[in-house]
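Step one of this worksheet: look at the structure below.
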Amino acid sequence: NSWFEFLEFYVHGQVPQLNALIRGAAPALLADQFGLQDATIDPDRFVEEYGDDVDAARAAYEAEDPITVSFGSGAGENTGSERLWIVDPLDGTVNYLYGLPQWSVSIGVEDDDGGLAGVVYDPSRGETFAAQRGAGATLDGSPLRMTPPQGVASALIASGFAYEADVRREQAAMVAEIIDTIRDLRRLGSAALDLSWLAAGRYDGYFEFGLNHWDRSAGSLIVAEAGGTISRWRLDLAGRDWDGVVAGRAVMHDPGADWLTRHGGRPLADDVVS
C-alpha cells in the first residue's frame with residue numbers, strides 16, 4: 001500500500017534528519033523552561049516547525065492517497081481526508097530536556113475504522129516499532145508477538161502520572177492498592193514507547209490517564225497487532241475527567257479493567273481493540 005510505504009519512507013528518511021536538528025536544543029530549552037511543571041509547549045513547537053518536511057517527503061514519494069497531517073495538539077478527528085496522520089514529533093519531552101534517553105517520534109495513520117498503520121521511532125536506541133492493520137507488528141522488521149505472564153503477581157507494569165499535583169496524589173493512592181500484588185511498576189515518561197515496549201514483551205501491562213490522541217495512536221495499533229488488548233477509559237481524578245488506556249494480554253488487561261471499574265472508571269466500549 002502506498003500510504004504504508006510512504007510512512008516507512010518518512011520514518012527512515014526524514015525523521016533521523018529531524019532528530020539531528022533538535023538534539024542540540026535541549027540545554028537552551030531546559031534553561032528556558034526550568035521551574036515549570038508543564039515543559040511540553042515550547043519544545044514541541046520547536047520540533048513542529050519542521051512540519052514542512054512532511055510535505056517535502058510526501059512530494060518526493062508522490063503518495064497517491066489524500067493525506068491530512070495533524071501535529072501534536074492539532075491532532076484530533078478526521079477532517080475529511082481518506083487518511084488522517086497523527087504525528088507526535090516528540091513524545092517524552094521532559095526526558096528529552098533532561099537528556100534521558102527515553103523519548104520517541106510517533107506517527108499513526110487512521111481511517112474511518114481506526115488505526116491503519118503506526119510507527120514509533122526511538123532515536124536513542126535506533127529502534128523502529130511498526131504495525132499495519134491485519135499484518136502484525138514488528139521491531140526493526142522482526143515480528144512481535146506478546147507472551148502473557150504467568151499471572152498478575154509476576155507482572156511488570158508500566159504507567160505514567162499527570163503533571164498536576166492533586167491528580168498525582170490520587171493516582172499514587174490508586175497505585176498503592178496494587179503495588180504489592182504485582183512484580184513492580186515502571187514510569188519512564190514516553191507513552192508511545194511504553195506501548196511499544198509492551199508489544200515487545202518488555203512490560204506485561206500498561207495503564208495511564210491524561211493521554212492525548214497523538215500519545216497513543218501508533219502505539220495502540222502496535223499493541224493490538226502484537227496480540228494484546230487495549231481499551232480506552234474515562235476516570236474522575238481530582239474532580240476532572242481524564243481519558244486513558246489499559247493494555248496487555250487478557251490475563252493483565254482484564255484485572256486492570258476490573259480495578260478501574262472499582263474506582264469509577266467508565267469504559268469507552270467502542271474503542272476496545274484486541
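Order determines the names: the first chain of the C-alpha cells is A, the second B, and so forth; residues in each chain are numbered 1 upward, and ligands are numbered 1 upward as they are shown.
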
Shell of 10 Å around Gln102 (chain A), only C-alpha atoms, local chain residues under 5 positions omitted, as an NGL selection string: :A and (91-96 or 122-125 or 188-191 or 193-194)

Contacts of region 144-158 of chain A at 7 Å (only C-alpha atoms; same-chain gap of 3+ positions) as a ChimeraX atom specification: /A:137-139,181-187,194,199-201,203-207,226-228,249,251-252

CA of Val245 (chain A) to CA of Leu198 (chain A), straight-line distance in Å: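 CA of Val245 (chain A) lies 12.9 Å from CA of Leu198 (chain A).
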
Contacts of Ala117 (chain A) within 8 Å, only C-alpha atoms, excl. fewer than 5 positions in-chain, as a VMD selection string: chain A and resid 4 108 to 110 130 to 133 218 221

Written selection (all heavy atoms) as a JSON list (two decimals), in the first residue's frame:
```
[["chain", "number", "residue", "atom", "x", "y", "z"],
["A", 4, "PHE", "N", 1.43, 3.07, 3.42],
["A", 4, "PHE", "CA", 2.32, 2.42, 4.39],
["A", 4, "PHE", "C", 3.77, 2.52, 3.92],
["A", 4, "PHE", "O", 4.68, 2.74, 4.72],
["A", 4, "PHE", "CB", 1.92, 0.96, 4.58],
["A", 4, "PHE", "CG", 2.66, 0.30, 5.71],
["A", 4, "PHE", "CD1", 2.42, 0.68, 7.03],
["A", 4, "PHE", "CD2", 3.58, -0.70, 5.48],
["A", 4, "PHE", "CE1", 3.09, 0.09, 8.08],
["A", 4, "PHE", "CE2", 4.26, -1.30, 6.53],
["A", 4, "PHE", "CZ", 4.01, -0.91, 7.83],
["A", 108, "GLY", "N", 1.02, 7.89, 13.49],
["A", 108, "GLY", "CA", -0.07, 6.97, 13.24],
["A", 108, "GLY", "C", -0.85, 7.38, 12.01],
["A", 108, "GLY", "O", -0.91, 8.57, 11.67],
["A", 109, "VAL", "N", -1.40, 6.41, 11.33],
["A", 109, "VAL", "CA", -2.29, 6.65, 10.19],
["A", 109, "VAL", "C", -3.63, 6.02, 10.52],
["A", 109, "VAL", "O", -3.70, 4.85, 10.89],
["A", 109, "VAL", "CB", -1.73, 6.05, 8.88],
["A", 109, "VAL", "CG1", -2.66, 6.37, 7.71],
["A", 109, "VAL", "CG2", -0.32, 6.55, 8.61],
["A", 110, "GLU", "N", -4.71, 6.81, 10.41],
["A", 110, "GLU", "CA", -6.04, 6.33, 10.76],
["A", 110, "GLU", "C", -7.01, 6.59, 9.62],
["A", 110, "GLU", "O", -6.84, 7.51, 8.83],
["A", 110, "GLU", "CB", -6.53, 7.01, 12.04],
["A", 110, "GLU", "CG", -5.63, 6.76, 13.24],
["A", 110, "GLU", "CD", -6.13, 7.43, 14.50],
["A", 110, "GLU", "OE1", -7.18, 8.12, 14.43],
["A", 110, "GLU", "OE2", -5.49, 7.28, 15.56],
["A", 130, "ALA", "N", 6.72, -0.91, 14.45],
["A", 130, "ALA", "CA", 5.76, -0.60, 13.39],
["A", 130, "ALA", "C", 4.64, -1.63, 13.37],
["A", 130, "ALA", "O", 4.80, -2.77, 13.84],
["A", 130, "ALA", "CB", 6.46, -0.58, 12.03],
["A", 131, "ALA", "N", 3.49, -1.21, 12.85],
["A", 131, "ALA", "CA", 2.36, -2.12, 12.70],
["A", 131, "ALA", "C", 1.49, -1.66, 11.55],
["A", 131, "ALA", "O", 1.41, -0.46, 11.26],
["A", 131, "ALA", "CB", 1.54, -2.19, 13.99],
["A", 132, "GLN", "N", 0.85, -2.62, 10.92],
["A", 132, "GLN", "CA", -0.13, -2.37, 9.87],
["A", 132, "GLN", "C", -1.35, -3.22, 10.18],
["A", 132, "GLN", "O", -1.22, -4.40, 10.54],
["A", 132, "GLN", "CB", 0.44, -2.72, 8.50],
["A", 132, "GLN", "CG", -0.49, -2.40, 7.34],
["A", 132, "GLN", "CD", 0.16, -2.71, 6.00],
["A", 132, "GLN", "OE1", 1.32, -3.10, 5.94],
["A", 132, "GLN", "NE2", -0.59, -2.54, 4.92],
["A", 133, "ARG", "N", -2.53, -2.62, 10.08],
["A", 133, "ARG", "CA", -3.75, -3.35, 10.43],
["A", 133, "ARG", "C", -3.85, -4.68, 9.68],
["A", 133, "ARG", "O", -3.76, -4.72, 8.45],
["A", 133, "ARG", "CB", -4.97, -2.51, 10.13],
["A", 133, "ARG", "CG", -6.30, -3.17, 10.57],
["A", 133, "ARG", "CD", -7.48, -2.50, 9.91],
["A", 133, "ARG", "NE", -7.61, -1.12, 10.32],
["A", 133, "ARG", "CZ", -8.24, -0.19, 9.59],
["A", 133, "ARG", "NH1", -8.73, -0.49, 8.41],
["A", 133, "ARG", "NH2", -8.33, 1.05, 10.05],
["A", 218, "ALA", "N", -0.27, 5.51, 17.35],
["A", 218, "ALA", "CA", 0.58, 4.47, 16.77],
["A", 218, "ALA", "C", 0.77, 3.30, 17.73],
["A", 218, "ALA", "O", 0.67, 2.13, 17.35],
["A", 218, "ALA", "CB", 1.94, 5.06, 16.38],
["A", 221, "LEU", "N", -2.08, 0.58, 18.05],
["A", 221, "LEU", "CA", -2.13, -0.39, 16.96],
["A", 221, "LEU", "C", -1.00, -1.40, 17.08],
["A", 221, "LEU", "O", -1.19, -2.59, 16.81],
["A", 221, "LEU", "CB", -2.07, 0.32, 15.61],
["A", 221, "LEU", "CG", -2.19, -0.59, 14.38],
["A", 221, "LEU", "CD1", -3.57, -1.25, 14.34],
["A", 221, "LEU", "CD2", -1.93, 0.18, 13.09]]
```
